[in-house]
Structures are given as structure tokens and as C-alpha cells.
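Undergrad: What follows is start_13.pdb, made up of PDB, C-alpha atoms, pLDDT in the B column:
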```pdb
ATOM      1  CA  MET A 144     127.580 305.058 225.772  1.00 51.00           C
ATOM      2  CA  HIS A 145     125.460 301.887 225.921  1.00 48.00           C
ATOM      3  CA  LEU A 146     125.606 301.589 222.134  1.00 47.00           C
ATOM      4  CA  ARG A 147     129.413 301.828 222.176  1.00 55.00           C
ATOM      5  CA  VAL A 148     129.664 299.078 224.843  1.00 46.00           C
ATOM      6  CA  LEU A 149     127.281 296.891 222.836  1.00 42.00           C
ATOM      7  CA  VAL A 150     129.301 297.352 219.631  1.00 43.00           C
ATOM      8  CA  ILE A 151     132.592 296.599 221.422  1.00 52.00           C
ATOM      9  CA  THR A 152     131.050 293.501 223.016  1.00 50.00           C
ATOM     10  CA  LEU A 153     129.746 292.271 219.656  1.00 44.00           C
ATOM     11  CA  ILE A 154     133.132 292.820 217.983  1.00 49.00           C
ATOM     12  CA  PHE A 155     134.956 291.031 220.806  1.00 49.00           C
ATOM     13  CA  SER A 156     132.499 288.097 220.641  1.00 46.00           C
ATOM     14  CA  ALA A 157     132.900 287.837 216.873  1.00 44.00           C
ATOM     15  CA  LEU A 158     136.697 287.872 217.132  1.00 45.00           C
ATOM     16  CA  GLN A 159     136.634 285.282 219.908  1.00 48.00           C
ATOM     17  CA  SER A 160     134.385 282.892 217.944  1.00 44.00           C
ATOM     18  CA  TRP A 161     136.500 283.457 214.825  1.00 48.00           C
ATOM     19  CA  ALA A 162     139.590 282.279 216.687  1.00 64.00           C
ATOM     20  CA  VAL A 163     138.095 278.848 217.430  1.00 81.00           C
ATOM     21  CA  GLU A 164     140.280 276.122 215.955  1.00 90.00           C
ATOM     22  CA  SER A 165     140.221 272.362 215.596  1.00 92.00           C
ATOM     23  CA  PHE A 166     143.051 270.559 217.353  1.00 93.00           C
ATOM     24  CA  SER A 167     144.093 266.929 217.136  1.00 94.00           C
ATOM     25  CA  GLY A 168     147.119 264.954 218.187  1.00 96.00           C
ATOM     26  CA  PHE A 169     148.577 262.683 220.806  1.00 97.00           C
ATOM     27  CA  ILE A 170     148.558 263.283 224.546  1.00 97.00           C
ATOM     28  CA  VAL A 171     151.855 263.708 226.371  1.00 96.00           C
ATOM     29  CA  GLN A 172     151.361 263.225 230.108  1.00 92.00           C
ATOM     30  CA  ASN A 173     153.611 264.866 232.662  1.00 86.00           C
ATOM     31  CA  GLY A 174     152.028 264.282 236.083  1.00 83.00           C
ATOM     32  CA  SER A 175     148.630 265.940 236.030  1.00 82.00           C
ATOM     33  CA  GLN A 176     149.653 268.212 233.125  1.00 89.00           C
ATOM     34  CA  ARG A 177     148.574 267.158 229.639  1.00 94.00           C
ATOM     35  CA  SER A 178     150.088 268.407 226.409  1.00 95.00           C
ATOM     36  CA  LEU A 179     148.989 267.862 222.832  1.00 95.00           C
ATOM     37  CA  LYS A 180     151.649 266.741 220.372  1.00 95.00           C
ATOM     38  CA  THR A 181     150.812 267.381 216.727  1.00 91.00           C
ATOM     39  CA  LYS A 182     152.983 266.607 213.708  1.00 91.00           C
ATOM     40  CA  THR A 183     154.770 269.947 214.040  1.00 90.00           C
ATOM     41  CA  ASN A 184     154.186 271.328 217.559  1.00 90.00           C
ATOM     42  CA  GLN A 185     153.484 270.529 221.176  1.00 93.00           C
ATOM     43  CA  PHE A 186     150.914 272.561 223.107  1.00 93.00           C
ATOM     44  CA  VAL A 187     150.225 272.702 226.848  1.00 94.00           C
ATOM     45  CA  LEU A 188     146.508 272.040 227.309  1.00 95.00           C
ATOM     46  CA  THR A 189     144.330 274.093 229.611  1.00 94.00           C
ATOM     47  CA  THR A 190     140.562 274.300 229.931  1.00 94.00           C
ATOM     48  CA  GLU A 191     137.935 276.347 231.707  1.00 93.00           C
ATOM     49  CA  ASN A 192     135.336 273.605 231.257  1.00 93.00           C
ATOM     50  CA  SER A 193     135.146 271.237 234.237  1.00 92.00           C
ATOM     51  CA  ASP A 194     133.838 268.331 232.091  1.00 93.00           C
ATOM     52  CA  VAL A 195     136.751 268.673 229.662  1.00 94.00           C
ATOM     53  CA  ARG A 196     139.160 268.849 232.624  1.00 93.00           C
ATOM     54  CA  VAL A 197     137.815 265.519 233.955  1.00 93.00           C
ATOM     55  CA  GLN A 198     138.155 263.936 230.494  1.00 94.00           C
ATOM     56  CA  LEU A 199     141.729 265.206 230.106  1.00 93.00           C
ATOM     57  CA  LEU A 200     142.690 263.650 233.439  1.00 92.00           C
ATOM     58  CA  LYS A 201     141.396 260.257 232.201  1.00 93.00           C
ATOM     59  CA  LEU A 202     143.785 260.352 229.225  1.00 93.00           C
ATOM     60  CA  ARG A 203     147.325 258.969 229.179  1.00 93.00           C
ATOM     61  CA  SER A 204     150.407 259.428 227.043  1.00 95.00           C
ATOM     62  CA  ASN A 205     149.921 258.250 223.445  1.00 96.00           C
ATOM     63  CA  ASP A 206     146.126 258.593 223.580  1.00 97.00           C
ATOM     64  CA  PHE A 207     144.752 260.542 220.616  1.00 97.00           C
ATOM     65  CA  ILE A 208     142.237 263.377 220.871  1.00 97.00           C
ATOM     66  CA  SER A 209     140.415 265.679 218.530  1.00 96.00           C
ATOM     67  CA  GLY A 210     138.593 268.743 219.778  1.00 96.00           C
ATOM     68  CA  ILE A 211     137.873 272.443 219.537  1.00 95.00           C
ATOM     69  CA  GLY A 212     139.768 275.186 221.330  1.00 94.00           C
ATOM     70  CA  HIS A 213     141.631 278.483 221.221  1.00 91.00           C
ATOM     71  CA  SER A 214     145.328 279.280 220.903  1.00 89.00           C
ATOM     72  CA  LEU A 215     146.008 281.483 223.918  1.00 84.00           C
ATOM     73  CA  SER A 216     149.657 282.141 223.190  1.00 78.00           C
ATOM     74  CA  THR A 217     152.577 280.332 221.665  1.00 79.00           C
ATOM     75  CA  GLY A 218     152.510 276.791 222.978  1.00 87.00           C
ATOM     76  CA  ILE A 219     149.241 276.989 224.981  1.00 92.00           C
ATOM     77  CA  VAL A 220     145.781 275.813 223.883  1.00 93.00           C
ATOM     78  CA  ARG A 221     142.557 276.217 225.837  1.00 94.00           C
ATOM     79  CA  LEU A 222     140.512 273.154 224.935  1.00 94.00           C
ATOM     80  CA  ASP A 223     136.751 273.806 224.895  1.00 95.00           C
ATOM     81  CA  THR A 224     135.533 270.371 223.745  1.00 95.00           C
ATOM     82  CA  ILE A 225     136.871 266.883 223.191  1.00 96.00           C
ATOM     83  CA  ASP A 226     134.995 265.287 220.318  1.00 96.00           C
ATOM     84  CA  PHE A 227     136.927 262.090 219.610  1.00 96.00           C
ATOM     85  CA  VAL A 228     139.313 259.954 221.645  1.00 97.00           C
ATOM     86  CA  GLY A 229     141.688 257.164 220.635  1.00 97.00           C
ATOM     87  CA  LEU A 230     142.755 255.069 223.625  1.00 97.00           C
ATOM     88  CA  SER A 231     146.220 253.554 223.172  1.00 96.00           C
ATOM     89  CA  ASN A 232     145.611 250.884 225.824  1.00 95.00           C
ATOM     90  CA  PHE A 233     142.570 249.632 223.850  1.00 97.00           C
ATOM     91  CA  LEU A 234     144.782 248.720 220.886  1.00 96.00           C
ATOM     92  CA  GLY A 235     145.706 245.044 220.608  1.00 95.00           C
ATOM     93  CA  THR A 236     143.998 241.674 220.821  1.00 95.00           C
ATOM     94  CA  TRP A 237     141.302 240.907 223.389  1.00 95.00           C
ATOM     95  CA  ALA A 238     139.549 237.628 224.268  1.00 94.00           C
ATOM     96  CA  SER A 239     135.858 237.669 225.219  1.00 94.00           C
ATOM     97  CA  SER A 240     132.743 235.490 225.297  1.00 92.00           C
ATOM     98  CA  MET A 241     131.790 237.030 221.918  1.00 91.00           C
ATOM     99  CA  GLY A 242     135.098 235.974 220.391  1.00 91.00           C
ATOM    100  CA  ILE A 243     138.416 237.673 219.704  1.00 92.00           C
ATOM    101  CA  PHE A 244     138.493 241.453 219.276  1.00 94.00           C
ATOM    102  CA  GLN A 245     141.504 242.646 217.284  1.00 95.00           C
ATOM    103  CA  VAL A 246     141.720 246.437 217.635  1.00 96.00           C
ATOM    104  CA  GLN A 247     144.027 247.628 214.849  1.00 93.00           C
ATOM    105  CA  ASP A 248     143.843 251.411 215.240  1.00 96.00           C
ATOM    106  CA  PHE A 249     141.717 254.205 216.686  1.00 97.00           C
ATOM    107  CA  SER A 250     138.808 253.598 214.305  1.00 96.00           C
ATOM    108  CA  SER A 251     138.618 249.958 213.185  1.00 96.00           C
ATOM    109  CA  LEU A 252     138.558 246.503 214.712  1.00 95.00           C
ATOM    110  CA  SER A 253     137.897 242.933 213.686  1.00 93.00           C
ATOM    111  CA  LEU A 254     135.727 240.490 215.615  1.00 91.00           C
ATOM    112  CA  TYR A 255     136.438 236.781 215.211  1.00 90.00           C
ATOM    113  CA  SER A 256     133.193 235.268 216.507  1.00 86.00           C
ATOM    114  CA  ALA A 257     133.371 232.522 219.131  1.00 76.00           C
ATOM    115  CA  GLY A 258     132.216 229.087 218.020  1.00 70.00           C
ATOM    116  CA  GLN A 259     132.324 229.801 214.301  1.00 64.00           C
ATOM    117  CA  VAL A 260     135.165 227.534 213.236  1.00 58.00           C
ATOM    118  CA  SER A 261     133.655 227.062 209.788  1.00 59.00           C
ATOM    119  CA  LYS A 262     133.620 230.835 209.214  1.00 61.00           C
ATOM    120  CA  PRO A 263     137.073 232.147 210.111  1.00 68.00           C
ATOM    121  CA  LYS A 264     136.510 235.471 208.318  1.00 82.00           C
ATOM    122  CA  PRO A 265     136.169 238.226 210.934  1.00 87.00           C
ATOM    123  CA  ALA A 266     133.474 240.861 211.077  1.00 88.00           C
ATOM    124  CA  SER A 267     134.987 244.270 210.304  1.00 92.00           C
ATOM    125  CA  LEU A 268     133.687 247.086 212.481  1.00 93.00           C
ATOM    126  CA  ASN A 269     134.388 250.790 212.651  1.00 96.00           C
ATOM    127  CA  TYR A 270     134.275 252.421 216.042  1.00 97.00           C
ATOM    128  CA  SER A 271     134.433 255.856 217.578  1.00 97.00           C
ATOM    129  CA  ILE A 272     135.137 256.709 221.215  1.00 97.00           C
ATOM    130  CA  THR A 273     133.746 259.850 222.809  1.00 96.00           C
ATOM    131  CA  PRO A 274     133.877 261.345 226.312  1.00 95.00           C
ATOM    132  CA  ALA A 275     131.419 259.964 228.896  1.00 93.00           C
ATOM    133  CA  ASP A 276     130.836 260.246 232.627  1.00 88.00           C
ATOM    134  CA  GLY A 277     132.866 258.428 235.263  1.00 89.00           C
ATOM    135  CA  ASN A 278     135.630 256.080 234.219  1.00 90.00           C
ATOM    136  CA  SER A 279     133.837 254.968 231.036  1.00 95.00           C
ATOM    137  CA  TRP A 280     133.921 256.221 227.458  1.00 97.00           C
ATOM    138  CA  GLY A 281     131.069 256.272 224.952  1.00 96.00           C
ATOM    139  CA  MET A 282     131.712 253.919 222.045  1.00 97.00           C
ATOM    140  CA  PHE A 283     129.804 253.666 218.772  1.00 95.00           C
ATOM    141  CA  LEU A 284     130.411 250.513 216.730  1.00 94.00           C
ATOM    142  CA  THR A 285     129.199 250.206 213.147  1.00 94.00           C
ATOM    143  CA  ASP A 286     129.110 247.343 210.701  1.00 89.00           C
ATOM    144  CA  THR A 287     127.485 247.254 207.272  1.00 87.00           C
ATOM    145  CA  ASP A 288     123.982 247.014 208.751  1.00 88.00           C
ATOM    146  CA  ARG A 289     123.785 248.597 212.199  1.00 90.00           C
ATOM    147  CA  ILE A 290     125.080 251.062 214.737  1.00 91.00           C
ATOM    148  CA  TYR A 291     125.731 249.802 218.261  1.00 92.00           C
ATOM    149  CA  PHE A 292     126.073 252.111 221.263  1.00 95.00           C
ATOM    150  CA  SER A 293     128.106 251.012 224.251  1.00 96.00           C
ATOM    151  CA  LYS A 294     130.109 252.218 227.222  1.00 97.00           C
ATOM    152  CA  LEU A 295     133.757 251.169 227.286  1.00 97.00           C
ATOM    153  CA  VAL A 296     135.929 250.851 230.374  1.00 96.00           C
ATOM    154  CA  VAL A 297     139.593 249.986 229.758  1.00 95.00           C
ATOM    155  CA  ALA A 298     142.283 249.046 232.264  1.00 90.00           C
ATOM    156  CA  GLU A 299     145.731 247.691 231.434  1.00 84.00           C
ATOM    157  CA  SER A 300     144.751 244.073 230.773  1.00 93.00           C
ATOM    158  CA  ARG A 301     140.969 244.115 231.273  1.00 96.00           C
ATOM    159  CA  ALA A 302     138.117 245.939 229.612  1.00 97.00           C
ATOM    160  CA  SER A 303     134.346 245.830 229.530  1.00 97.00           C
ATOM    161  CA  ILE A 304     131.862 246.861 226.902  1.00 96.00           C
ATOM    162  CA  ARG A 305     128.284 247.510 228.051  1.00 96.00           C
ATOM    163  CA  PHE A 306     125.877 247.475 225.091  1.00 95.00           C
ATOM    164  CA  PHE A 307     122.690 249.557 225.079  1.00 95.00           C
ATOM    165  CA  ASP A 308     119.639 249.583 222.824  1.00 91.00           C
ATOM    166  CA  THR A 309     120.063 252.538 220.432  1.00 86.00           C
ATOM    167  CA  GLN A 310     116.288 253.164 220.365  1.00 88.00           C
ATOM    168  CA  THR A 311     115.430 252.983 224.065  1.00 90.00           C
ATOM    169  CA  GLY A 312     118.787 253.316 225.834  1.00 88.00           C
ATOM    170  CA  ALA A 313     118.050 250.150 227.801  1.00 93.00           C
ATOM    171  CA  PHE A 314     121.001 248.016 228.894  1.00 94.00           C
ATOM    172  CA  LYS A 315     121.340 244.883 226.735  1.00 94.00           C
ATOM    173  CA  ARG A 316     124.505 243.035 227.773  1.00 95.00           C
ATOM    174  CA  GLU A 317     128.008 243.408 229.103  1.00 96.00           C
ATOM    175  CA  VAL A 318     131.044 241.768 227.529  1.00 95.00           C
ATOM    176  CA  MET A 319     134.227 241.345 229.552  1.00 97.00           C
ATOM    177  CA  LEU A 320     137.538 241.409 227.667  1.00 96.00           C
ATOM    178  CA  SER A 321     140.992 240.138 228.641  1.00 97.00           C
ATOM    179  CA  LYS A 322     144.007 241.433 226.769  1.00 96.00           C
ATOM    180  CA  ILE A 323     145.999 238.833 224.861  1.00 94.00           C
ATOM    181  CA  SER A 324     148.600 241.146 223.281  1.00 76.00           C
ATOM    182  CA  LYS A 325     149.311 244.743 222.382  1.00 70.00           C
TER     183      LYS A 325
END
```
Could you spell out this file's structure in C-alpha cells?
TA:
Amino acid sequence: MHLRVLVITLIFSALQSWAVESFSGFIVQNGSQRSLKTKTNQFVLTTENSDVRVQLLKLRSNDFISGIGHSLSTGIVRLDTIDFVGLSNFLGTWASSMGIFQVQDFSSLSLYSAGQVSKPKPASLNYSITPADGNSWGMFLTDTDRIYFSKLVVAESRASIRFFDTQTGAFKREVMLSKISK
């Protein structure tokens, strides 16, 4: 009897892990309910993970997410992880003490450095936003030479980026941003 229960449990676990799928698309917000709109479908999002639930509630319509989950039935996805986030309200042009940040899409931005009139060519950076605690998001910025880790907080017309040392985790500096345009 114990062997039969063990075999059934192993088969069920294998089938459940086999059904894991990658999901990505744009958030559609309806009150506290979040749906995921892909190119071909729209799925109601649910989760059993309290951390994922908190992250979902931080997202708004037109934000992009990529994660892992399970199709429960037609039109319903249980999201187990959120791996990547694209924040629609971070797109646009931002003024800061570092210069002008022009955020083109969910993975690249240009930085026009302050005080460098003789060098108008911007620095091109790639970035990736991931879930983090509280109202912030983890953000990794990369240029041709380095990786920068920061925490990003975005409101409608204000944002802040707190930079940390990638080796020690020590706080380095905070940059305040003011939105110029979408």
C-alpha cells in the first residue's frame, strides 16, 4: 500500500512539474484583479505565493511581466514566479543630477550626462527590473564595462534610483528623477 501511494505521488509530482510554463505579456488591471494579455489570449492571474501576490498588486495596466506558472483551466494561470518586469510609467524622459535619462523601452535607456556639452553622445545602457521588497524594484544596469545594481521606485512624475556596490551591497548614492515627458 505504501509503495502504491509513493508511486502515485511521484507520478503526480512529475506531471505537475511537467506542466510548468513560461508566461509573458502585459498586465490588464481591473480593481485588485490582474490579468495577463499575450498576443493571442488573456489570462486571469492567480497565485498561491504571497510574495508574488504582493508583486502583482504593485503592477498596473500596460506593465510587462515574464514569469513561470501553470495553466489551471482555460483562461486562468497560477503564477509561481515573476522573473522580469517592464514598468510602463518608467518609460519616457527623466531629468536628474546625473543628466537626462531617456528610457526607450523595457530593456534599454540612454543617459545624457550632465555638464558634458562637448560630448553630446549619450551612454547606452541595458537594464532589467526584477521584483523587490516594499514599493521598490530591483534594477540591474549594464554598459560595456560594468554592471550596476540599484533599487528603483517610480511614481507618476518622480522616481529614485538607489545605487549599491555590487561587491559589498553597501549603499553608494541615490539619484532623484523628475519626469519630463512620456
Undergrad: Do a neighbour search on Ser293 of chain A at 7 Å with all atoms listed in the file, toss out local chain neighbours closer than 6 positions, and write the hits as a list in words.
TA: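 Here the qualifying residues turn out to be Gly281, Met282, Phe283, Ile304, Arg305, Phe306 and Phe307 of chain A.
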Undergrad: One decimal, Å: what's the distance from atom CA of Val220 of chain A over to atom CA of Arg203 of chain A, could you say?
TA: 17.7 Å
Undergrad: Using all atoms listed in the file, pick whichever of A:Ser240, A:Ile208, A:Leu320, A:Ser250 has the shortest atom-to-atom distance to Ile225 of chain A.
TA: A:Ile208
Undergrad: Smallest atom-to-atom distance to Val228 of chain A: which of A:Ala313, A:Met319, A:Ile170, A:Val163, using all atoms listed in the file?
TA: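 Distance minimum relative to Val228 of chain A lands on A:Ile170.
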Undergrad: What would the selection look like, as a ChimeraX atom specification, if the PyMOL selection byres ((chain A and resi 183) around 12) were run on the coordinates I just shared?
TA: /A:167-169,179-182,184-186,218
Undergrad: I need the residue nearest Val187 of chain A from this list: A:Thr217, A:Thr285, A:Ser303, A:Asn205. Use all atoms listed in the file for the distance.
TA: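 Among A:Thr217, A:Thr285, A:Ser303, A:Asn205, it is A:Thr217 that comes nearest to Val187 of chain A.
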Undergrad: So how far away is atom CA of Gln310 of chain A from atom CA of Asp286 of chain A, in Å?
TA: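 Atom CA of Gln310 of chain A lies at a distance of 17.1 Å from atom CA of Asp286 of chain A.
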Undergrad: I'd like the residues picked by the PyMOL selection byres ((chain A and resi 198) around 10) written out as a ChimeraX atom specification, using the chain letters and numbers from the file.
TA: /A:193-197,199-202,224-225,228,273-280
Undergrad: Check the smallest atom-to-atom distance from each of A:Leu230, A:Leu268, A:Leu222, A:Ala238 to Leu252 of chain A using all atoms listed in the file, then report the winner.
TA: A:Leu268
Undergrad: Name the closest residue to Val171 of chain A among the candidates A:Thr309, A:Ser324, A:Phe244, A:Phe207; distances are taken between atoms, counting only C-alpha atoms.
TA: A:Phe207
Undergrad: Please measure the separation of atom CA of Ile323 of chain A and atom CA of Phe292 of chain A, giving the value in Å to one decimal.
TA: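 Atom-to-atom, atom CA of Ile323 of chain A and atom CA of Phe292 of chain A are spaced 24.2 Å apart.
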Undergrad: Which is closest to His213 of chain A among A:Ser165, A:Trp237, A:Ser253, A:Ser178, if we use all atoms listed in the file?
TA: A:Ser165
Undergrad: Sort by chain and increasing residue number a table of all residues of segment 193-235 of chain A within 12 Å of segment 299-302 of chain A, each with its closest pair of atoms and their distance in Å to one decimal, counting all atoms listed in the file, and write it as a Markdown table.
TA:
```
| residue | atom | partner | partner_atom | distance |
| --- | --- | --- | --- | --- |
| A:Arg203 | CA | A:Glu299 | CA | 11.6 |
| A:Leu230 | CA | A:Glu299 | CA | 11.1 |
| A:Ser231 | CA | A:Glu299 | CA | 10.1 |
| A:Asn232 | CA | A:Glu299 | CA | 6.5 |
| A:Phe233 | CA | A:Ala302 | CA | 8.2 |
| A:Leu234 | CA | A:Glu299 | CA | 10.6 |
| A:Gly235 | CA | A:Ser300 | CA | 10.3 |
```
Undergrad: Write the residues of the preceding selection, restricted to C-alpha atoms, as a PDB file, in the frame of the given file.
TA:
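File result-v4.pdb, as written:
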```pdb
ATOM      1  CA  ARG A 203     147.325 258.969 229.179  1.00 93.00           C
ATOM      2  CA  LEU A 230     142.755 255.069 223.625  1.00 97.00           C
ATOM      3  CA  SER A 231     146.220 253.554 223.172  1.00 96.00           C
ATOM      4  CA  ASN A 232     145.611 250.884 225.824  1.00 95.00           C
ATOM      5  CA  PHE A 233     142.570 249.632 223.850  1.00 97.00           C
ATOM      6  CA  LEU A 234     144.782 248.720 220.886  1.00 96.00           C
ATOM      7  CA  GLY A 235     145.706 245.044 220.608  1.00 95.00           C
TER       8      GLY A 235
END
```
Undergrad: Using only the atoms of segment 212-229 of chain A listed in the file, plus 6 Å on each side, state the axis-aligned box centre and edge lengths in Å rounded to one decimal, as AutoDock Vina command-line options.
TA:
```
--center_x 143.8 --center_y 269.7 --center_z 222.7 --size_x 29.6 --size_y 37.0 --size_z 18.2
```
